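Here's the structure we're looking at; comments come further down.
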Amino acid sequence: MNNKLYGNLIFELSHPGRRGYSLPKNTFGHHEIPSNIKRSTDAALPECDEMTVVRHYTNHSENNFGVDNGFYPLGSCTMKYNPIINEEVAAMPSFSNIHPLQPEHTVQGALEAEYNLQRALSALTGLADFTLNPYAGAHGELTGLMIIRSYHQSRGDEKRKKVIVPDSAHGTNPASAAVCGLEIVEVKSTSEGLVDVEDLKPLLGDDIAGMMMTNPNTLGLFETDIPEIAKLVHECGGLMYYDGANLNPLLGVARPGDMGFDVMHINLHKTFSTPHGGGGPGSGPVGVREDLVRFLPKPHVVKTSEGFTTEKGCETEYNVESSHVSTFLGNFLVSLRAYVYILTLGKENIKMVGPLATLNANYVKECLKDVYELPIDVLCKHEFVFDGLKDKSTGITTMDVAKRLLDYGYHAPTIYFPLLFHEAMMIEPTENESKETIDSFISIMRTIAQEAHDTPEIVKDAPRTTPIGRVDDVLAAKHPVVTYRQMLQEAQ
Amino acid sequence: MNYKYFPHTEEEIQQMLDKIGVKNLEDLFAEIPEELRYRDKWDIPEAKSEMEIRSFFNALGNKNKQLTCFAGAGVYDHYTPSIVPNIIGRSEFLTSYTPYQAEISQGTLHYIFEFQSMMAELTGMDISNASMYDGSTATAEAMLMAFNASHKADTVAYSETLDPKIISVLKTYAHFHGVNLTAIKADNGMTSVQDLNEQLATGKVAGVIVQQPNYYGIVEDFTGFADACHKSKALFIINSVASDLSLLKTPKEWGADVAVGDVQSLGMPMAFGGPYAGYMCCTEKQMRKLPGRIVGETKDSRGQRAFVLTLQAREQHIRRQKATSNICSNQSLMALFVTIYLSVMGKEGVKEVAQTSYDGAHYLCEELLKTGKAQLVYERPFFNEFLIRIDHRDDFFDKAVAAGILPGVKVGEDQLLIAVTEKRSKEEVDALVALL
Amino acid sequence: MAKVIEGLYYSESHEYVRVEGEVAYIGITDYAQHALGNVVYVDMPDADDEFEQEEGFGAVESVKAASDLNSPVSIKVLEVNEALEDEPELLNKDAFENWIIKVELTDKSQLDKLMDAKAYEAFCAQ
């Protein structure tokens, strides 16, 4: 690979007059576009031949690290294997070459896939029905909170404007609540890392719309008090929201719907194996209990005696049964991949997902807890959190360990989250990882702990073997250069 | 056990359980109260082999009909160069996460920087983010941005000439966030200037949203809109079809503060509604209010040029309950799609695509009018899509679908919204006209 | 140990008010700049803007944190410190020397409710 040349920006490889495309001859005859609606100068897009473009982006790909490259123990992100057959199905023209506004009788296959996925997600979570419209986990949270507010509004109960969120929650929870027009009330965790029921009780009242929880929580611990918490929240008139980011360990073991949760979202790109794609497209289906189904956003796929169709919202007026969070039916091809995954696993294998993910996490934890600080030493679920190295005298931080891992060809864990610990390092090995992979990761983690003691400067200076070293993010934020045009202006 | 996605043997599982100090897998869940465990059969089908999966989805796909597409309404059947799906399928892109570890994510960070640069070029704006979920939600984010930027004004006004699907999303977000959302009347297919000025005169308007070309395919004249908005301290927001911007006057030239829209028109498969991506661009002045991820240039410890996620203080994971947007991802792979598409089509290709689409639509419109069985609903300049009244529309529509043609999107009782792209041949266009 | 200066008024959200005759200067304390780390941007209001006591008038951003600026007292903005636009890091160099806004106090009696140096020092030590 010639990193220097093809690793430039595509704009820097551009030469006036080069072409990378061919289109058929225009046989419609020229129609002049009126000059008052035309742009005055061309967009300064690159001009490249086809092979230059191919080499350039292939070069980009070589500077990336994905699940297919190696172990990716990124906590709370569930970086499981993304089966290739999912991609093959998603690429079928019979699914990718249909317009979302075609008459429904011409898209029965697509609607059937969506409907069946809704049913499968219901079966696996114990909730009555799902919408596949939300585009991502955060979007699902927002949608779920909208449903909770719609429920209260439909009963004429306008004063419920607060939502309870544990202090260990994903940062998105409070942000989603704020966008939905709700205020956040934080509930503390006990020293065992679970929601403090005694701290919760005084917060409950007739101004509470609901409570958001992740279970297992961000420390990887199952919230054993969940039946009591759900009971208390329901008694005060609130609804229980399940943040599905950590659903993977429960797949095949237990169902949020049976724990008292009324509304939830699922990250198909975590639990159901669809690729993360460098940050998206994901998908955040939202499920609800029976009496909330009418508040699901529209359009919503249903089955009738004549086949599959969609319930549509009211076009002219907003009402609680006519909310819209997407242009069409969400990221359809992402839903399709998740459906392939479920059918591939089937009922026999899906029940092993949670147990094997949990086995792997506990094994890593047990093999490393003598050299890394384990603040809460109990059985974890799919992930767990270390609070940095056990030996605090070396001056080596969690950031240093994470960067050193890159040198050894591993992706880093999630770091500095959750906020409960200063040197948090959140590790999640999924069910797909072999024992050899996990053992070699353990061995490298132990090597780094040893290096921190013997040769700390090596760890401090890491990474060295990656295409670039540690980046200056203060410089980036202080003088933001976010386009090529700005880069050229800076150079002048 | 032995299943293709689960590598452990029974023996390995036992070794690991021993290390953990529990007897069996069941014991790993000992703390979960028994009444919360699910002990029934899982109500999903039995596992399928890969061959069975293939034939199952082939059969399912065959229940869909691929039609020669003259439908638009926000989703256009443009040509996809072969290299685009091929390269975005590379697993280093496909299976990576958000580029938080910059040292091993320069590929993603590089292409996002290129994406931002290209969207800034197309829209003429100074700044672009790394993409949004889709065009509708990007428009809703722009509405929230205007609302939250203002101390006193609580209203955002949208033109009635917006796509109703976008309006529905705006209404939903506005309802829950507490934005007073008002409609600016349409006047013969274009935004009413008089109504716009009357609404701005209230002093309550924080933002104005219009669409170009509008829902009916009409290219509106926004002369004076930006000045009127700025005089009232309102942000001027334009939603555009990305592909058309290669030839159309840019949001920047119209004086927009924020430019949003969907990038599906840049060669993306229609895929029954998604995944696509939204774009969101703004002036330098609004940069720190822009939601979503942004990649910026910096240097690494070795003095090399490098790229990194930046301006993160804007983002939800830092602002938490003070956040004005909860978006934490982008449609990264679709942004990569756009970046490769725009690289290979290049400066000339995007213009050729837009011009051919324009020519095709005007040719089709002329031919339909010649039959005497169709009349334009609005006599206004249009781009590659137009609203036309058709005699016995539903019969015509059904006849076309039966012939394997999707003749457009139905509007009202007797109208059809018809779009043409460079993918339609003259033969296909003539075949559609012949059915009338 | 963060620096605290005698003679200023301090708020619980770590802003200070320095009164000089009819005008006053508002900025963030040394404690606050320490907590934020490298400041990369200061979001400032416009001259003539008016803010009620405890109303947000801007924000200070570092790479990994953002902190809203709340007005310790009711004010009318006379001037903003334009040097911070290009060199936000001045707040890290000397937070007391580099004020953020120069203001007119609309209700001087509100100063009584703020902390003096000693009380603020104790407040930070908690």
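Each chain in the structure tokens gets a letter, A, B and so on, in the order shown; residues start at 1 in every chain, and ligands are counted from 1 in the order they appear.
Proximity to chain A at a cut-off of 12 Å picks out Gly37, Asn38, Val39, Val40, Tyr41, Val42, Glu61, Ser62, Val63, Lys64, Ala65, Leu84, Glu85, Asp86, Glu87, Pro88 and Glu89 of chain C on chain C, counting only C-alpha atoms.
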Please report, as a ChimeraX atom specification, each residue of chain C to which DSSP assigns alpha helix (DSSP H) when run on this structure's backbone. /C:30-36,83-86,90-93,117-125
Selection to disk with N, CA and C atoms, as a JSON list (two decimals), in the first residue's frame:
```
[["chain", "number", "residue", "atom", "x", "y", "z"],
["C", 30, "ASP", "N", -10.66, 30.32, 39.31],
["C", 30, "ASP", "CA", -9.52, 29.46, 39.05],
["C", 30, "ASP", "C", -9.90, 28.00, 39.27],
["C", 31, "TYR", "N", -10.73, 27.77, 40.29],
["C", 31, "TYR", "CA", -11.20, 26.42, 40.58],
["C", 31, "TYR", "C", -11.94, 25.85, 39.36],
["C", 32, "ALA", "N", -12.78, 26.68, 38.76],
["C", 32, "ALA", "CA", -13.59, 26.24, 37.62],
["C", 32, "ALA", "C", -12.70, 25.90, 36.42],
["C", 33, "GLN", "N", -11.71, 26.75, 36.14],
["C", 33, "GLN", "CA", -10.86, 26.46, 34.97],
["C", 33, "GLN", "C", -10.04, 25.20, 35.17],
["C", 34, "HIS", "N", -9.66, 24.94, 36.43],
["C", 34, "HIS", "CA", -8.95, 23.69, 36.75],
["C", 34, "HIS", "C", -9.82, 22.49, 36.45],
["C", 35, "ALA", "N", -11.06, 22.59, 36.90],
["C", 35, "ALA", "CA", -11.98, 21.47, 36.74],
["C", 35, "ALA", "C", -12.26, 21.20, 35.27],
["C", 36, "LEU", "N", -12.33, 22.24, 34.46],
["C", 36, "LEU", "CA", -12.66, 22.08, 33.04],
["C", 36, "LEU", "C", -11.49, 21.52, 32.23],
["C", 83, "ALA", "N", -10.88, 39.11, 23.38],
["C", 83, "ALA", "CA", -9.63, 38.34, 23.33],
["C", 83, "ALA", "C", -9.88, 36.85, 23.49],
["C", 84, "LEU", "N", -10.96, 36.51, 24.19],
["C", 84, "LEU", "CA", -11.25, 35.09, 24.44],
["C", 84, "LEU", "C", -11.73, 34.38, 23.18],
["C", 85, "GLU", "N", -12.18, 35.15, 22.19],
["C", 85, "GLU", "CA", -12.65, 34.51, 20.96],
["C", 85, "GLU", "C", -11.50, 33.78, 20.27],
["C", 86, "ASP", "N", -10.33, 34.43, 20.23],
["C", 86, "ASP", "CA", -9.19, 33.80, 19.57],
["C", 86, "ASP", "C", -8.32, 32.99, 20.52],
["C", 90, "LEU", "N", -6.71, 31.73, 27.51],
["C", 90, "LEU", "CA", -6.40, 32.76, 28.51],
["C", 90, "LEU", "C", -7.08, 32.45, 29.85],
["C", 91, "LEU", "N", -8.22, 31.79, 29.78],
["C", 91, "LEU", "CA", -8.91, 31.43, 31.03],
["C", 91, "LEU", "C", -8.08, 30.46, 31.85],
["C", 92, "ASN", "N", -7.34, 29.59, 31.18],
["C", 92, "ASN", "CA", -6.47, 28.66, 31.90],
["C", 92, "ASN", "C", -5.25, 29.38, 32.46],
["C", 93, "LYS", "N", -4.79, 30.40, 31.71],
["C", 93, "LYS", "CA", -3.60, 31.13, 32.17],
["C", 93, "LYS", "C", -3.90, 31.92, 33.42],
["C", 117, "ALA", "N", -14.52, 35.64, 49.65],
["C", 117, "ALA", "CA", -13.40, 34.74, 49.35],
["C", 117, "ALA", "C", -13.30, 33.59, 50.34],
["C", 118, "LYS", "N", -13.47, 33.91, 51.61],
["C", 118, "LYS", "CA", -13.31, 32.91, 52.65],
["C", 118, "LYS", "C", -14.39, 31.83, 52.53],
["C", 119, "ALA", "N", -15.62, 32.29, 52.36],
["C", 119, "ALA", "CA", -16.74, 31.34, 52.25],
["C", 119, "ALA", "C", -16.58, 30.48, 50.99],
["C", 120, "TYR", "N", -16.10, 31.10, 49.92],
["C", 120, "TYR", "CA", -15.96, 30.35, 48.68],
["C", 120, "TYR", "C", -14.86, 29.30, 48.80],
["C", 121, "GLU", "N", -13.79, 29.67, 49.47],
["C", 121, "GLU", "CA", -12.70, 28.73, 49.68],
["C", 121, "GLU", "C", -13.19, 27.50, 50.44],
["C", 122, "ALA", "N", -14.00, 27.77, 51.44],
["C", 122, "ALA", "CA", -14.57, 26.67, 52.23],
["C", 122, "ALA", "C", -15.52, 25.84, 51.38],
["C", 123, "PHE", "N", -16.27, 26.55, 50.53],
["C", 123, "PHE", "CA", -17.24, 25.87, 49.66],
["C", 123, "PHE", "C", -16.51, 24.90, 48.71],
["C", 124, "CYS", "N", -15.38, 25.35, 48.17],
["C", 124, "CYS", "CA", -14.61, 24.51, 47.24],
["C", 124, "CYS", "C", -13.97, 23.32, 47.95],
["C", 125, "ALA", "N", -13.63, 23.53, 49.22],
["C", 125, "ALA", "CA", -12.95, 22.47, 49.95],
["C", 125, "ALA", "C", -13.89, 21.31, 50.28]]
```
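The residue set within 9 Å of A:Val107, counting only C-alpha atoms and dropping same-chain residues fewer than 3 places from it, reads Phe95, Ile98, His99, Pro100, Gln102, Pro103, Glu104, Ala110, Leu111, Glu112 and Phe308 of chain A; Gly61, Lys63, Asn64, Lys65, Gln66 and Phe272 of chain B.
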Write a file of the just-selected residues containing C-alpha atoms, as a PDB file, in the first residue's frame.
```pdb
ATOM      1  CA  PHE A  95     -35.453  -5.880  -1.442  1.00  0.00           C
ATOM      2  CA  ILE A  98     -38.311  -1.184  -4.346  1.00  0.00           C
ATOM      3  CA  HIS A  99     -39.677   2.307  -3.767  1.00  0.00           C
ATOM      4  CA  PRO A 100     -41.157   2.952  -0.299  1.00  0.00           C
ATOM      5  CA  GLN A 102     -45.119   1.512  -4.145  1.00  0.00           C
ATOM      6  CA  PRO A 103     -48.653   0.124  -3.822  1.00  0.00           C
ATOM      7  CA  GLU A 104     -48.690  -2.303  -0.911  1.00  0.00           C
ATOM      8  CA  ALA A 110     -40.940  -6.507   2.432  1.00  0.00           C
ATOM      9  CA  LEU A 111     -43.977  -5.941   4.645  1.00  0.00           C
ATOM     10  CA  GLU A 112     -44.017  -9.618   5.614  1.00  0.00           C
ATOM     11  CA  PHE A 308     -49.826  -7.129   5.037  1.00  0.00           C
TER      12      PHE A 308
ATOM     13  CA  GLY B  61     -38.224 -11.234  -2.219  1.00  0.00           C
ATOM     14  CA  LYS B  63     -43.368 -11.340  -3.355  1.00  0.00           C
ATOM     15  CA  ASN B  64     -42.063  -7.846  -4.126  1.00  0.00           C
ATOM     16  CA  LYS B  65     -42.398  -6.357  -7.604  1.00  0.00           C
ATOM     17  CA  GLN B  66     -39.517  -4.381  -9.028  1.00  0.00           C
ATOM     18  CA  PHE B 272     -38.062   0.447   0.662  1.00  0.00           C
TER      19      PHE B 272
END
```
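The nearest approach to B:Ala400 among the residues B:Ile32, B:Leu248, B:Ala271, B:Val433, with only C-alpha atoms taken into account, belongs to B:Val433.
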Compile the contact shell of C:Ser13 as a short mmCIF file (atom, residue, chain, number, x, y, z; two decimals) with N, CA and C atoms, in the first residue's frame: residues with an atom at most 10 Å away, counting only C-alpha atoms, same-chain residues fewer than 5 positions apart removed.
```
data_model
loop_
_atom_site.label_atom_id
_atom_site.label_comp_id
_atom_site.auth_asym_id
_atom_site.auth_seq_id
_atom_site.Cartn_x
_atom_site.Cartn_y
_atom_site.Cartn_z
N ILE C 28 -15.02 33.22 35.28
CA ILE C 28 -15.05 31.97 36.04
C ILE C 28 -13.84 31.93 36.99
N THR C 29 -13.96 31.18 38.04
CA THR C 29 -12.89 31.14 39.04
C THR C 29 -11.77 30.20 38.60
N ALA C 32 -12.78 26.68 38.76
CA ALA C 32 -13.59 26.24 37.62
C ALA C 32 -12.70 25.90 36.42
N GLU C 54 -29.03 34.28 37.97
CA GLU C 54 -29.00 32.82 37.73
C GLU C 54 -29.40 32.40 36.33
N SER C 67 -19.56 23.76 30.32
CA SER C 67 -20.15 24.27 31.54
C SER C 67 -20.90 25.55 31.21
N ASP C 68 -22.16 25.60 31.63
CA ASP C 68 -22.93 26.81 31.37
C ASP C 68 -22.48 27.92 32.28
N LEU C 69 -22.56 29.14 31.78
CA LEU C 69 -22.23 30.31 32.59
C LEU C 69 -23.54 30.90 33.09
N ASN C 70 -23.67 31.00 34.40
CA ASN C 70 -24.88 31.57 34.98
C ASN C 70 -24.55 32.91 35.60
N SER C 71 -25.40 33.87 35.37
CA SER C 71 -25.13 35.19 35.90
C SER C 71 -25.40 35.22 37.41
N PRO C 72 -24.38 35.55 38.21
CA PRO C 72 -24.57 35.52 39.66
C PRO C 72 -25.58 36.57 40.13
#
```
Compile the contact shell of B:Arg424 as a short mmCIF file (atom, residue, chain, number, x, y, z; two decimals) with C-alpha atoms, in the first residue's frame: residues with an atom at most 9 Å away, counting only C-alpha atoms, same-chain residues fewer than 6 positions apart removed.
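Once everything was written out, this is around.cif:
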```
data_model
loop_
_atom_site.label_atom_id
_atom_site.label_comp_id
_atom_site.auth_asym_id
_atom_site.auth_seq_id
_atom_site.Cartn_x
_atom_site.Cartn_y
_atom_site.Cartn_z
CA THR B 68 -39.76 0.86 -13.64
CA CYS B 69 -39.79 3.80 -11.31
CA PHE B 70 -41.29 7.22 -12.01
CA ASP B 77 -34.22 5.97 -8.59
CA HIS B 78 -30.76 7.22 -9.57
CA SER B 357 -33.10 14.16 -15.03
CA GLY B 360 -36.26 13.72 -19.00
#
```
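Ranking B:Thr80, B:Thr356, B:Asn148, B:Gln286 by their shortest atom-to-atom distance to chain A, with only C-alpha atoms included, puts B:Thr356 first.
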Fewer than 3 positions away in the same chain doesn't count, so skip those; otherwise give me all residues within 10 Å of B:Pro81, counting only C-alpha atoms, as a PDB file with N, CA and C atoms, in the first residue's frame.
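Dumped everything to out_23.pdb:
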```
ATOM      1  N   GLY A  20     -14.566   9.606 -13.768  1.00  0.00           N
ATOM      2  CA  GLY A  20     -14.648   8.281 -13.156  1.00  0.00           C
ATOM      3  C   GLY A  20     -15.940   7.564 -13.478  1.00  0.00           C
ATOM      4  N   TYR A  21     -16.765   8.140 -14.370  1.00  0.00           N
ATOM      5  CA  TYR A  21     -18.115   7.594 -14.595  1.00  0.00           C
ATOM      6  C   TYR A  21     -18.415   7.543 -16.085  1.00  0.00           C
ATOM      7  N   SER A  22     -19.446   6.765 -16.421  1.00  0.00           N
ATOM      8  CA  SER A  22     -19.991   6.826 -17.773  1.00  0.00           C
ATOM      9  C   SER A  22     -21.499   6.733 -17.686  1.00  0.00           C
ATOM     10  N   LEU A  23     -22.170   7.608 -18.387  1.00  0.00           N
ATOM     11  CA  LEU A  23     -23.634   7.607 -18.401  1.00  0.00           C
ATOM     12  C   LEU A  23     -24.100   7.450 -19.844  1.00  0.00           C
ATOM     13  N   GLU A  50     -11.605   6.160 -12.227  1.00  0.00           N
ATOM     14  CA  GLU A  50     -12.213   5.160 -11.358  1.00  0.00           C
ATOM     15  C   GLU A  50     -11.203   4.439 -10.464  1.00  0.00           C
TER      16      GLU A  50
ATOM     17  N   HIS B  78     -31.955   6.823  -8.824  1.00  0.00           N
ATOM     18  CA  HIS B  78     -30.762   7.219  -9.575  1.00  0.00           C
ATOM     19  C   HIS B  78     -29.820   6.034  -9.744  1.00  0.00           C
ATOM     20  N   VAL B  84     -19.384   1.668  -5.719  1.00  0.00           N
ATOM     21  CA  VAL B  84     -19.845   2.191  -4.427  1.00  0.00           C
ATOM     22  C   VAL B  84     -20.275   1.080  -3.461  1.00  0.00           C
ATOM     23  N   PRO B  85     -21.257   0.241  -3.851  1.00  0.00           N
ATOM     24  CA  PRO B  85     -21.629  -0.828  -2.904  1.00  0.00           C
ATOM     25  C   PRO B  85     -20.469  -1.786  -2.637  1.00  0.00           C
ATOM     26  N   ASN B  86     -19.615  -1.962  -3.638  1.00  0.00           N
ATOM     27  CA  ASN B  86     -18.488  -2.866  -3.449  1.00  0.00           C
ATOM     28  C   ASN B  86     -17.561  -2.361  -2.350  1.00  0.00           C
ATOM     29  N   GLY B 267     -27.475   8.522  -5.624  1.00  0.00           N
ATOM     30  CA  GLY B 267     -27.208   7.172  -6.096  1.00  0.00           C
ATOM     31  C   GLY B 267     -27.544   6.036  -5.148  1.00  0.00           C
ATOM     32  N   MET B 268     -28.257   6.338  -4.075  1.00  0.00           N
ATOM     33  CA  MET B 268     -28.511   5.314  -3.059  1.00  0.00           C
ATOM     34  C   MET B 268     -29.701   4.438  -3.454  1.00  0.00           C
ATOM     35  N   ILE B 340     -18.031   8.214  -1.770  1.00  0.00           N
ATOM     36  CA  ILE B 340     -17.491   7.488  -2.927  1.00  0.00           C
ATOM     37  C   ILE B 340     -18.281   7.853  -4.185  1.00  0.00           C
ATOM     38  N   TYR B 341     -19.607   7.960  -4.040  1.00  0.00           N
ATOM     39  CA  TYR B 341     -20.446   8.347  -5.184  1.00  0.00           C
ATOM     40  C   TYR B 341     -19.985   9.687  -5.749  1.00  0.00           C
ATOM     41  N   VAL B 344     -16.542   9.490  -7.525  1.00  0.00           N
ATOM     42  CA  VAL B 344     -16.471   8.829  -8.831  1.00  0.00           C
ATOM     43  C   VAL B 344     -17.316   9.567  -9.864  1.00  0.00           C
ATOM     44  N   MET B 345     -18.435  10.124  -9.472  1.00  0.00           N
ATOM     45  CA  MET B 345     -19.230  10.937 -10.404  1.00  0.00           C
ATOM     46  C   MET B 345     -18.517  12.269 -10.637  1.00  0.00           C
TER      47      MET B 345
END
```
One residue among B:Lys399, B:Lys347, B:His151, B:Lys285 is nearest to chain A when using only C-alpha atoms, and that residue is B:Lys347
